[in-house]
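Content type compact mmCIF, C-alpha atoms, from the file protein.txt:
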# COMPACT_ATOMS: atom_id res chain seq x y z
CA MET A 1 0.00 0.00 0.00
CA ASP A 2 1.24 3.49 -0.91
CA ARG A 3 0.71 5.18 2.47
CA PRO A 4 2.17 8.60 1.50
CA GLN A 5 -0.16 8.75 -1.51
CA LEU A 6 -3.15 7.71 0.61
CA LYS A 7 -2.43 10.53 3.07
CA LEU A 8 -1.73 13.04 0.31
CA GLU A 9 -5.14 12.40 -1.24
CA VAL A 10 -7.04 13.07 1.99
CA ARG A 11 -4.83 16.05 2.85
CA GLU A 12 -5.59 17.68 -0.48
CA MET A 13 -9.30 17.00 -0.09
CA LEU A 14 -9.28 18.33 3.47
CA ASN A 15 -7.41 21.51 2.58
CA SER A 16 -9.62 22.14 -0.47
CA HIS A 17 -12.86 21.81 1.52
CA PHE A 18 -11.80 22.66 5.06
CA PRO A 19 -14.94 24.71 6.00
CA PHE A 20 -17.10 21.73 5.02
CA PHE A 21 -15.03 19.29 7.08
CA LEU A 22 -14.86 21.65 10.04
CA LEU A 23 -18.68 21.68 10.19
CA LEU A 24 -18.85 17.94 9.46
CA PHE A 25 -16.61 17.09 12.42
CA LEU A 26 -17.86 19.91 14.66
CA PRO A 27 -20.26 17.79 16.81
CA VAL A 28 -17.46 15.32 17.59
CA LEU A 29 -14.98 18.13 18.27
CA ILE A 30 -17.43 19.82 20.63
CA LEU A 31 -17.91 16.56 22.53
CA GLU A 32 -14.15 16.06 22.73
CA PHE A 33 -13.44 19.53 24.10
CA GLY A 34 -16.40 19.25 26.48
CA MET A 35 -15.10 15.92 27.80
CA ILE A 36 -11.61 17.34 28.32
CA ALA A 37 -13.05 20.32 30.18
CA ALA A 38 -15.28 18.08 32.33
CA GLN A 39 -12.40 15.78 33.22
CA TYR A 40 -10.22 18.73 34.16
CA SER A 41 -12.85 20.47 36.30
CA SER A 42 -13.89 17.20 37.96
CA GLY A 43 -10.26 16.39 38.60
CA VAL A 44 -9.89 19.63 40.52
CA GLY A 45 -13.01 18.81 42.51
CA LEU A 46 -11.86 15.29 43.30
CA ASN A 47 -8.45 16.55 44.41
CA SER A 48 -10.11 19.06 46.72
CA ILE A 49 -12.29 16.38 48.30
CA TRP A 50 -9.30 14.06 48.63
CA SER A 51 -7.36 16.78 50.44
CA PHE A 52 -10.35 17.47 52.69
CA ASN A 53 -10.65 13.76 53.43
CA ASN A 54 -6.97 13.56 54.42
CA TYR A 55 -7.36 16.64 56.60
CA LEU A 56 -10.21 15.04 58.54
CA GLY A 57 -8.14 11.92 59.09
CA SER A 58 -9.95 9.54 61.40
CA ASN A 59 -12.82 11.96 61.94
CA SER A 60 -16.21 10.42 61.25
CA TYR A 61 -16.85 13.07 58.61
CA SER A 62 -14.15 11.46 56.47
CA THR A 63 -16.64 8.72 55.64
CA VAL A 64 -18.97 11.32 54.15
CA ALA A 65 -16.13 12.82 52.12
CA SER A 66 -15.14 9.39 50.85
CA THR A 67 -18.72 8.65 49.81
CA VAL A 68 -18.93 11.93 47.91
CA ASN A 69 -15.57 11.21 46.35
CA ILE A 70 -16.75 7.79 45.10
CA LYS A 71 -20.03 9.18 43.78
CA LEU A 72 -18.21 11.89 41.86
CA ALA A 73 -15.78 9.35 40.41
CA VAL A 74 -18.61 7.03 39.33
CA GLY A 75 -20.56 9.95 37.90
CA LEU A 76 -17.53 11.15 35.96
CA PHE A 77 -16.89 7.65 34.60
CA GLY A 78 -20.51 7.35 33.48
CA PHE A 79 -20.41 10.76 31.83
CA VAL A 80 -17.15 10.04 30.01
CA PHE A 81 -18.45 6.63 28.86
CA LEU A 82 -21.68 8.13 27.50
CA ILE A 83 -19.89 10.94 25.68
CA SER A 84 -17.32 8.50 24.30
CA LEU A 85 -20.11 6.23 23.02
CA ILE A 86 -21.95 9.09 21.30
CA SER A 87 -18.70 10.46 19.89
CA GLY A 88 -17.69 7.04 18.56
CA LEU A 89 -21.03 6.54 16.84
CA LEU A 90 -20.90 10.01 15.31
CA MET A 91 -17.35 9.41 14.11
CA THR A 92 -18.30 6.14 12.42
CA GLY A 93 -21.09 7.93 10.54
CA ILE A 94 -18.67 10.67 9.51
CA GLN A 95 -16.24 8.04 8.24
CA PHE A 96 -19.12 6.68 6.12
CA VAL A 97 -19.43 10.18 4.64
CA GLY A 98 -15.67 10.27 4.04
CA ILE A 99 -15.85 6.97 2.16
CA ASP A 100 -18.67 8.32 -0.03
CA LEU A 101 -16.73 11.51 -0.73
CA LEU A 102 -13.62 9.57 -1.70
CA ARG A 103 -15.75 7.45 -4.04
CA ASN A 104 -17.43 10.58 -5.47
CA GLU A 105 -20.80 9.22 -4.35
CA THR A 106 -21.85 12.35 -2.45
CA THR A 107 -21.22 16.09 -2.52
CA PHE A 108 -19.61 18.65 -0.24
CA GLU A 109 -23.00 19.96 0.89
CA GLN A 110 -25.10 19.86 4.06
CA PRO A 111 -22.21 19.03 6.42
CA VAL A 112 -24.31 19.37 9.57
CA THR A 113 -26.91 16.88 8.30
CA LYS A 114 -24.15 14.49 7.22
CA SER A 115 -22.59 14.73 10.71
CA PHE A 116 -25.53 12.74 12.08
CA THR A 117 -25.51 10.07 9.36
CA ILE A 118 -25.29 7.29 11.94
CA PHE A 119 -28.46 8.49 13.68
CA ASN A 120 -30.36 9.22 10.47
CA ASN A 121 -30.36 5.54 9.46
CA GLY A 122 -31.60 2.95 11.94
CA GLU A 123 -29.82 0.06 10.23
CA TYR A 124 -26.52 1.94 10.32
CA PHE A 125 -27.00 2.67 14.02
CA ILE A 126 -27.97 -0.85 15.10
CA GLY A 127 -25.37 -2.48 12.87
CA THR A 128 -22.57 -0.25 14.14
CA LEU A 129 -23.57 -0.79 17.75
CA MET A 130 -23.89 -4.56 17.47
CA ILE A 131 -20.70 -5.07 15.49
CA SER A 132 -18.78 -2.85 17.92
CA ILE A 133 -20.05 -4.92 20.86
CA ILE A 134 -19.33 -8.27 19.18
CA THR A 135 -15.83 -7.32 17.98
CA GLY A 136 -15.09 -5.82 21.40
CA ILE A 137 -16.02 -9.08 23.11
CA LEU A 138 -14.09 -11.20 20.59
CA THR A 139 -11.00 -9.01 20.89
CA PHE A 140 -11.24 -9.14 24.70
CA LEU A 141 -11.46 -12.93 24.64
CA TRP A 142 -8.49 -13.20 22.28
CA SER A 143 -6.54 -10.94 24.64
CA PHE A 144 -6.76 -13.65 27.30
CA LEU A 145 -4.23 -15.63 25.28
CA LEU A 146 -1.83 -12.67 25.41
CA ILE A 147 -2.07 -9.01 24.49
CA ILE A 148 -0.61 -9.47 20.99
CA PRO A 149 -3.30 -11.89 19.68
CA GLY A 150 -5.97 -9.46 20.88
CA ILE A 151 -4.33 -6.56 19.05
CA ILE A 152 -3.99 -8.63 15.86
CA LYS A 153 -7.67 -9.61 15.97
CA GLY A 154 -8.66 -6.01 16.64
CA TYR A 155 -7.02 -4.99 13.38
CA ALA A 156 -8.52 -8.01 11.58
CA TYR A 157 -12.05 -6.99 12.60
CA SER A 158 -11.54 -3.26 12.04
CA GLN A 159 -13.29 -3.02 8.67
CA ALA A 160 -16.42 -4.99 9.59
CA ILE A 161 -18.62 -1.93 10.14
CA PHE A 162 -17.67 -0.45 6.76
CA ILE A 163 -18.30 -3.78 5.03
CA TYR A 164 -21.68 -4.14 6.71
CA ARG A 165 -22.67 -0.62 5.70
CA ASP A 166 -21.59 -1.18 2.07
CA ALA A 167 -23.70 -4.34 1.99
CA LEU A 168 -26.74 -2.45 3.30
CA ASP A 169 -26.32 0.24 0.65
CA LYS A 170 -26.26 -2.45 -2.05
CA GLY A 171 -29.40 -4.08 -0.68
CA GLU A 172 -27.43 -7.12 0.47
CA LYS A 173 -28.50 -8.42 3.85
CA ILE A 174 -25.54 -9.91 5.71
CA GLY A 175 -25.17 -10.89 9.33
CA TYR A 176 -22.91 -9.24 11.85
CA PHE A 177 -20.61 -12.24 12.06
CA GLU A 178 -20.43 -12.47 8.28
CA ALA A 179 -19.31 -8.84 8.14
CA ILE A 180 -16.67 -9.62 10.74
CA ASP A 181 -15.49 -12.65 8.75
CA ARG A 182 -15.31 -10.59 5.57
CA SER A 183 -13.23 -8.02 7.43
CA ARG A 184 -10.85 -10.75 8.57
CA GLN A 185 -10.47 -11.90 4.96
CA LEU A 186 -10.08 -8.38 3.63
CA MET A 187 -7.39 -7.50 6.17
CA ASN A 188 -5.19 -10.45 5.19
CA GLY A 189 -1.85 -8.84 4.45
CA HIS A 190 -3.04 -5.35 5.49
CA LYS A 191 -3.01 -5.41 9.29
CA VAL A 192 0.54 -4.03 9.45
CA ASP A 193 -0.43 -1.35 6.92
CA LEU A 194 -3.20 -0.10 9.21
CA PHE A 195 -0.93 -0.30 12.25
CA VAL A 196 1.77 1.78 10.56
CA LEU A 197 -0.83 4.25 9.30
CA GLY A 198 -1.97 4.83 12.87
CA LEU A 199 1.62 5.21 14.09
CA SER A 200 2.25 7.89 11.47
CA TYR A 201 -0.25 10.18 13.23
CA ILE A 202 1.25 9.99 16.73
CA GLY A 203 3.42 13.03 16.03
CA TRP A 204 0.37 15.02 14.92
CA PHE A 205 -1.56 14.20 18.08
CA LEU A 206 1.43 15.01 20.28
CA LEU A 207 1.80 18.33 18.48
CA SER A 208 -1.91 19.01 18.98
CA SER A 209 -1.58 18.41 22.72
CA LEU A 210 0.96 21.25 22.83
CA THR A 211 -1.69 23.59 21.37
CA LEU A 212 -4.30 22.67 24.03
CA ASN A 213 -5.80 20.34 21.39
CA LEU A 214 -6.76 23.24 19.14
CA LEU A 215 -4.90 21.58 16.29
CA ASP A 216 -7.43 18.74 16.56
CA LEU A 217 -9.67 20.91 14.39
CA TRP A 218 -7.45 19.77 11.53
CA VAL A 219 -5.77 16.61 12.86
CA ILE A 220 -8.94 14.66 13.72
CA PRO A 221 -10.48 15.15 10.24
CA TYR A 222 -7.10 14.34 8.66
CA TYR A 223 -6.73 11.09 10.62
CA ASN A 224 -10.30 9.86 10.17
CA LEU A 225 -10.33 10.63 6.46
CA ALA A 226 -7.15 8.57 6.17
CA ILE A 227 -8.91 5.67 7.91
CA ALA A 228 -11.79 6.01 5.42
CA ASN A 229 -9.36 6.11 2.49
CA PHE A 230 -7.58 3.04 3.83
CA TYR A 231 -10.85 1.11 3.54
CA VAL A 232 -11.52 2.48 0.07
CA LYS A 233 -8.05 1.44 -1.08
CA ILE A 234 -8.07 -2.12 0.21
CA HIS A 235 -11.75 -2.80 -0.53
CA ASP A 236 -12.39 -1.04 -3.83
CA ASP A 237 -9.01 -1.86 -5.35
CA GLN A 238 -9.65 -5.54 -4.59
CA GLY A 239 -13.34 -5.28 -5.45
CA GLU A 240 -13.63 -8.10 -7.99
CA ALA A 241 -11.43 -10.53 -6.12
CA PHE A 242 -13.12 -9.74 -2.83
CA ALA A 243 -16.59 -10.24 -4.29
CA THR A 244 -15.54 -13.53 -5.87
CA ILE A 245 -14.30 -14.94 -2.58
CA PHE A 246 -17.66 -14.46 -0.91
CA SER A 247 -19.73 -15.54 -3.88
CA ASP A 248 -17.81 -18.84 -3.90
CA PRO A 249 -17.62 -20.39 -0.40
CA ASN A 250 -15.23 -23.08 -1.62
CA LYS A 251 -12.76 -20.44 -2.72
CA SER A 252 -13.01 -18.80 0.67
CA GLU A 253 -12.14 -22.08 2.37
CA LYS A 254 -9.19 -22.58 0.03
CA SER A 255 -7.99 -19.09 0.81
CA ASP A 256 -8.10 -19.84 4.53
CA ASP A 257 -6.22 -23.12 4.08
CA SER A 258 -3.54 -21.57 1.90
CA SER A 259 -2.58 -18.82 4.33
CA PRO A 260 -3.18 -19.94 7.93
CA HIS A 261 -0.68 -17.53 9.41
CA ASP A 262 -1.97 -14.47 7.58
CA SER A 263 -5.51 -14.95 8.92
CA LYS A 264 -4.36 -13.76 12.31
Entire entry expressed as structure tokens:
Amino acid sequence: MDRPQLKLEVREMLNSHFPFFLLLFLPVLILEFGMIAAQYSSGVGLNSIWSFNNYLGSNSYSTVASTVNIKLAVGLFGFVFLISLISGLLMTGIQFVGIDLLRNETTFEQPVTKSFTIFNNGEYFIGTLMISIITGILTFLWSFLLIIPGIIKGYAYSQAIFIYRDALDKGEKIGYFEAIDRSRQLMNGHKVDLFVLGLSYIGWFLLSSLTLNLLDLWVIPYYNLAIANFYVKIHDDQGEAFATIFSDPNKSEKSDDSSPHDSK
């Protein structure tokens, strides 16, 4: 895979239509900045209560402070989890839009409406949620063997949501596990490519942290468009071969037998 070319394509598209992408990613960016602010302000509050609790020492009031401390921590965890869930769903829908843009199947119009793609289509929403839960459980179970097998499987299953969504758009009804299996097949020989692609953005995110995450206004769209383009490259460029594998179950079995190590 030509990673520099992949990134160049999305960078040119992002720079040419930055106002559109800024509005497209705005709901996710707002959630991100809100979550950072909430964590910071809650952290100050928790530190204050912790200090107060230490000051009281063995005083009976320390029990009250500890209870408040725990409630705040649980409340913060619940808030962060909810925001992360909503943000993740929104981001998946936005990646769908990125895929369509890269395929020239949609236009650079109505960015706010497109931001909520995942919530505007019930099948997208349920499919994304279910596949995320299933792949999360499978990856967790594989991680019991050791961390590395879990990471490998996480990359193998990473394209399942996109595959499921493409099937829906074509009127093809596939199951969640079938989408996951197709992702595993599609990612044969590409797991390292996706890993290296992710590594190439670490510098950008570190740089953004030095700007109080303001650079995320550009970095987050850049990274997620690259993820969308990665799928377009490996799926569309292998379109005929990929379709043949799943239209001929015997060929799929032969493919599995011929490359047992690569199916990891």
**Message:** Which residues are near Pro27 of chain A? Cut-off 9 Å, all atoms listed in the file, ignore same chain within fewer than 5 positions. Put them as a PyMOL selection string.
**Reply:** chain A and resi 32+87+90+112+115-116
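The shortest atom-to-atom distance to Ala160 of chain A, with only C-alpha atoms taken into account, belongs to A:Thr128 out of A:Ser143, A:Gln110, A:Thr128, A:Asn229.
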Neighbours of point (-23.3, -11.8, 6.3) within 12 Å, using all atoms listed in the file, written as a short mmCIF file (atom, residue, chain, number, x, y, z; two decimals) with C-alpha atoms, keeping the file's coordinate frame:
data_model
loop_
_atom_site.label_atom_id
_atom_site.label_comp_id
_atom_site.auth_asym_id
_atom_site.auth_seq_id
_atom_site.Cartn_x
_atom_site.Cartn_y
_atom_site.Cartn_z
CA GLY A 127 -25.37 -2.48 12.87
CA ILE A 131 -20.70 -5.07 15.49
CA ALA A 160 -16.42 -4.99 9.59
CA ILE A 161 -18.62 -1.93 10.14
CA ILE A 163 -18.30 -3.78 5.03
CA TYR A 164 -21.68 -4.14 6.71
CA ARG A 165 -22.67 -0.62 5.70
CA ASP A 166 -21.59 -1.18 2.07
CA ALA A 167 -23.70 -4.34 1.99
CA LEU A 168 -26.74 -2.45 3.30
CA GLU A 172 -27.43 -7.12 0.47
CA LYS A 173 -28.50 -8.42 3.85
CA ILE A 174 -25.54 -9.91 5.71
CA GLY A 175 -25.17 -10.89 9.33
CA TYR A 176 -22.91 -9.24 11.85
CA PHE A 177 -20.61 -12.24 12.06
CA GLU A 178 -20.43 -12.47 8.28
CA ALA A 179 -19.31 -8.84 8.14
CA ILE A 180 -16.67 -9.62 10.74
CA ASP A 181 -15.49 -12.65 8.75
CA ARG A 182 -15.31 -10.59 5.57
CA SER A 183 -13.23 -8.02 7.43
CA PHE A 246 -17.66 -14.46 -0.91
CA SER A 247 -19.73 -15.54 -3.88
#
**Message:** as an NGL selection string, please: the residues near Ile227 of chain A (cut-off 12 Å, all atoms listed in the file, same-chain neighbours under 3 positions excluded).
**Reply:** :A and (3 or 6-7 or 9-10 or 91-92 or 94-99 or 102 or 158-159 or 162 or 193-198 or 200-201 or 220-224 or 230-234)
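Note that atom CA of Ile126 of chain A and atom CA of Gly171 of chain A are 16.2 Å apart.
With atom CA of Gly150 of chain A on one side and atom CA of Glu123 of chain A on the other, the separation reads 27.8 Å.
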**Request:** Excluding Ala156 of chain A and residues on its chain fewer than 6 positions from it, collect all residues at most 7 Å away from it, counting all atoms listed in the file, and give them as a ChimeraX atom specification.
**Result:** /A:183-184,187,191
Shell of 8 Å around Ile83 of chain A, only C-alpha atoms, local chain residues under 3 positions omitted, as a tab-separated table (two decimals) with C-alpha atoms, keeping the file's coordinate frame:
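That gives us selection.tsv:
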chain	number	residue	atom	x	y	z
A	31	LEU	CA	-17.91	16.56	22.53
A	35	MET	CA	-15.10	15.92	27.80
A	79	PHE	CA	-20.41	10.76	31.83
A	80	VAL	CA	-17.15	10.04	30.01
A	86	ILE	CA	-21.95	9.09	21.30
A	87	SER	CA	-18.70	10.46	19.89
**Complete:** Counting all atoms listed in the file, the residue among A:Phe108, A:Lys153, A:Thr211, A:His235 that lies closest to Phe18 of chain A is A:Phe108
**Request:** Do a neighbour search on Ile30 of chain A at 12 Å with only C-alpha atoms, toss out local chain neighbours closer than 6 positions, and write the hits as a list in words.
**Result:** Leu22, Leu23, Leu24, Ile36, Ala37, Ile83, Ser84, Ile86, Ser87, Leu90, Asn213, Leu214, Asp216 and Leu217 of chain A
**Request:** Figure out the distance between atom CA of Phe125 of chain A and atom CA of Pro111 of chain A, please, to one decimal in Å.
**Result:** 18.7 Å
